[in-house]
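Have a look at data-v5.tsv; it's TSV, C-alpha atoms and all ligand atoms:
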chain	number	residue	atom	x	y	z
C	1	MET	CA	0.00	0.00	0.00
C	2	ILE	CA	1.33	3.38	-0.93
C	3	ALA	CA	1.38	6.13	1.68
C	4	ALA	CA	1.15	9.49	-0.06
C	5	CYS	CA	-1.75	10.01	-2.44
C	6	PRO	CA	-0.63	10.44	-6.08
C	7	CYS	CA	-2.94	13.47	-6.48
C	8	GLY	CA	-0.53	15.55	-4.41
C	9	SER	CA	-3.02	16.50	-1.72
C	10	GLY	CA	-0.48	15.74	0.98
C	11	GLN	CA	-2.87	13.22	2.51
C	12	ARG	CA	-2.47	9.49	2.78
C	13	TYR	CA	-3.83	7.57	-0.20
C	14	ASP	CA	-6.33	5.56	1.85
C	15	GLN	CA	-7.69	8.81	3.39
C	16	CYS	CA	-7.82	10.61	0.03
C	17	CYS	CA	-8.48	9.15	-3.42
C	18	GLY	CA	-8.31	5.61	-2.05
C	19	ARG	CA	-11.70	6.15	-0.36
C	20	LEU	CA	-13.21	6.87	-3.76
C	21	HIS	CA	-11.38	4.05	-5.55
C	22	ARG	CA	-12.67	1.44	-3.12
C	23	GLY	CA	-16.21	2.85	-3.19
C	24	ALA	CA	-16.25	4.08	0.40
C	25	ALA	CA	-17.05	7.65	-0.67
C	26	LEU	CA	-18.30	9.62	-3.68
C	27	ALA	CA	-16.62	12.68	-5.12
C	28	GLN	CA	-18.43	15.77	-3.87
C	29	THR	CA	-16.98	18.17	-6.43
C	30	PRO	CA	-15.57	18.02	-9.98
C	31	GLU	CA	-12.11	18.73	-8.55
C	32	GLU	CA	-12.32	15.82	-6.14
C	33	LEU	CA	-13.42	13.52	-8.96
C	34	MET	CA	-10.68	14.82	-11.24
C	35	ARG	CA	-8.03	14.21	-8.56
C	36	SER	CA	-9.29	10.69	-7.97
C	37	ARG	CA	-9.26	9.96	-11.69
C	38	TYR	CA	-5.68	11.23	-11.97
C	39	SER	CA	-4.68	8.98	-9.07
C	40	ALA	CA	-6.47	6.07	-10.73
C	41	TYR	CA	-4.47	6.62	-13.91
C	42	ALA	CA	-1.29	6.86	-11.84
C	43	LEU	CA	-2.05	3.58	-10.05
C	44	GLY	CA	-3.51	1.68	-13.00
C	45	GLU	CA	-7.01	1.61	-11.49
C	46	PHE	CA	-8.59	1.78	-14.92
C	47	ASP	CA	-11.92	0.29	-13.84
C	48	TYR	CA	-12.40	3.40	-11.71
C	49	VAL	CA	-11.49	5.68	-14.61
C	50	LEU	CA	-14.14	4.01	-16.76
C	51	ALA	CA	-16.74	3.93	-13.98
C	52	THR	CA	-16.49	7.70	-13.52
C	53	TRP	CA	-16.66	8.43	-17.25
C	54	HIS	CA	-20.03	9.71	-18.52
C	55	PRO	CA	-21.73	6.91	-20.52
C	56	ARG	CA	-22.23	9.33	-23.43
C	57	THR	CA	-18.49	9.74	-24.02
C	58	ARG	CA	-16.97	6.69	-22.30
C	59	PRO	CA	-14.58	4.60	-24.41
C	60	ASP	CA	-14.84	0.80	-24.42
C	61	SER	CA	-11.46	0.42	-22.78
C	62	ILE	CA	-8.36	2.37	-21.82
C	63	SER	CA	-4.77	1.59	-20.98
C	64	GLY	CA	-1.80	3.29	-19.42
C	65	GLY	CA	-0.23	4.10	-22.76
C	66	GLY	CA	3.38	3.55	-21.70
C	67	ILE	CA	3.67	6.50	-19.36
C	68	SER	CA	3.94	7.00	-15.60
C	69	TRP	CA	2.21	9.96	-13.99
C	70	THR	CA	4.56	11.80	-11.67
C	71	GLY	CA	2.70	14.90	-10.48
C	72	LEU	CA	-0.53	16.86	-10.57
C	73	GLU	CA	-1.27	20.54	-10.24
C	74	VAL	CA	-4.85	21.80	-10.29
C	75	THR	CA	-4.60	25.33	-11.67
C	76	ASP	CA	-8.24	26.46	-11.83
C	77	HIS	CA	-11.76	25.17	-11.45
C	78	GLY	CA	-15.39	26.22	-11.78
C	79	GLU	CA	-18.84	24.79	-11.14
C	80	ASP	CA	-18.49	21.95	-13.65
C	81	TRP	CA	-14.90	22.13	-14.92
C	82	VAL	CA	-11.34	21.74	-13.77
C	83	GLU	CA	-8.07	22.84	-15.35
C	84	PHE	CA	-4.93	20.96	-14.40
C	85	THR	CA	-1.44	20.03	-15.46
C	86	GLY	CA	-0.19	16.49	-15.14
C	87	ARG	CA	3.49	15.62	-15.38
C	88	TYR	CA	4.61	12.27	-16.71
C	89	ARG	CA	7.59	10.16	-17.62
C	90	ALA	CA	7.40	7.94	-20.65
C	91	ASP	CA	8.77	4.40	-20.67
C	92	ASP	CA	11.59	5.60	-22.93
C	93	GLY	CA	12.68	8.07	-20.23
C	94	THR	CA	11.39	11.30	-21.72
C	95	VAL	CA	9.44	13.58	-19.39
C	96	GLY	CA	6.60	15.90	-20.27
C	97	ALA	CA	3.45	17.56	-19.11
C	98	MET	CA	-0.07	17.96	-20.39
C	99	THR	CA	-2.64	20.55	-19.50
C	100	GLU	CA	-6.30	19.68	-19.74
C	101	HIS	CA	-9.51	21.62	-19.32
C	102	SER	CA	-11.96	18.92	-18.21
C	103	LEU	CA	-15.75	19.09	-18.23
C	104	PHE	CA	-17.90	17.25	-15.70
C	105	GLU	CA	-21.61	16.56	-15.40
C	106	ARG	CA	-23.72	15.60	-12.42
C	107	ARG	CA	-25.94	12.64	-13.12
C	108	ALA	CA	-28.22	10.91	-10.62
C	109	GLY	CA	-26.35	12.61	-7.79
C	110	ARG	CA	-22.87	11.61	-8.95
C	111	TRP	CA	-20.20	13.52	-10.81
C	112	PHE	CA	-18.93	12.12	-14.10
C	113	TYR	CA	-16.11	13.13	-16.40
C	114	VAL	CA	-17.50	14.15	-19.81
C	115	GLU	CA	-14.61	15.34	-21.95
C	116	GLY	CA	-11.44	17.39	-21.95
C	117	ASP	CA	-9.45	19.78	-24.13
C	118	VAL	CA	-5.82	18.76	-23.99
C	119	SER	CA	-2.78	20.85	-24.81
C	120	ASP	CA	0.70	19.34	-24.67
C	121	GLN	CA	3.45	21.51	-23.31
G	1	ZN	ZN	-5.82	12.00	-3.60
Could I get this structure in the form of structure tokens?
Amino acid sequence: MIAACPCGSGQRYDQCCGRLHRGAALAQTPEELMRSRYSAYALGEFDYVLATWHPRTRPDSISGGGISWTGLEVTDHGEDWVEFTGRYRADDGTVGAMTEHSLFERRAGRWFYVEGDVSDQ
């Protein structure tokens, strides 16, 4: 079990995104959902990523894509959107970052990821 949560909150994983990943809590805000989805990508919890994806835009499957996520910074957020930068290291050793403006929608009392505009840096 890892100690520090990958989302960078400074909390322990099991007190932070881990609660959401194991179904013990629901995200109360788009930012909380976004952080938990980032952590799920970082930990390979792809079932969680898919389960929190809006059915309208959800892909059939996803994979890690040969990169490791190494850091998250949430830069701005609104009522139903979050803007963040994620840093990563590719399997070939190159490092990079992507910035995404993500849209979320509340459905039957739960927040879902809808889509995002990505810009590589
Ligand atoms: Zn977290």
**Request:** Determine, counting all atoms listed in the file, which protein, DNA and RNA residues have an atom within 8 Å of an atom of region 20-27 of chain C; residues of the same chain fewer than 4 positions away are not included. Present the result as a ChimeraX atom specification.
**Result:** /C:16,32-33,36,40,45,48,110-111
Taking a cut-off of 7 Å and counting all atoms listed in the file, can you build a table that, for each residue of chain C near ligand ZN 1 (chain G), reports the nearest atom pair and how far apart they are in Å (one decimal), sorted by chain then residue number, as a tab-separated table?
residue	atom	partner	partner_atom	distance
C:Cys5	CA	G:ZN1	ZN	4.7
C:Pro6	CA	G:ZN1	ZN	6.0
C:Cys7	CA	G:ZN1	ZN	4.3
C:Gly8	CA	G:ZN1	ZN	6.4
C:Ser9	CA	G:ZN1	ZN	5.6
C:Gln11	CA	G:ZN1	ZN	6.9
C:Tyr13	CA	G:ZN1	ZN	5.9
C:Cys16	CA	G:ZN1	ZN	4.4
C:Cys17	CA	G:ZN1	ZN	3.9
C:Arg35	CA	G:ZN1	ZN	5.9
C:Ser36	CA	G:ZN1	ZN	5.7
C:Ser39	CA	G:ZN1	ZN	6.4
**Fill in**
Pairwise distance, CA of Arg106 (chain C) with CA of Gly71 (chain C), equals 26.5 Å
**Asked** C:His101, C:Thr57, C:Ser63, C:Thr29: which is nearest Glu79 (chain C), counting only C-alpha atoms?
**Response**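 Checking each of C:His101, C:Thr57, C:Ser63, C:Thr29 against Glu79 (chain C), counting only C-alpha atoms, the winner is C:Thr29.
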**Item:** Atomic distance CA of Arg87 (chain C) - CA of Thr70 (chain C), expressed in Å with one decimal
**Value:**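 According to the coordinates, CA of Arg87 (chain C) and CA of Thr70 (chain C) are separated by 5.4 Å.
Using only C-alpha atoms, the smallest distance between any of C:Ala42, C:Ala51, C:Met34, C:Val118 and Ala97 (chain C) comes from C:Val118.
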**d(CA of Ser68 (chain C), CA of Trp53 (chain C)) in Å** =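 So the answer is 20.7 Å.
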**Request:** Would you please work out which residue, of C:Gly86, C:Pro55, C:Gly66, C:Gly78, is nearest to Arg107 (chain C) when using only C-alpha atoms?
**Result:**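 Looking at the shortest contact to Arg107 (chain C), the residue is C:Pro55.
Candidate residues C:Glu100, C:Tyr113, C:Gly10, C:Pro30 were compared for distance to Thr75 (chain C), and the nearest is C:Glu100, using only C-alpha atoms.
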**Asked** Restricting the calculation to only C-alpha atoms, which member of C:Ser119, C:Ala108, C:Arg12, C:Gly65 is positioned closest to Thr85 (chain C)?
**Response**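 Looking at the shortest contact to Thr85 (chain C), the residue is C:Ser119.
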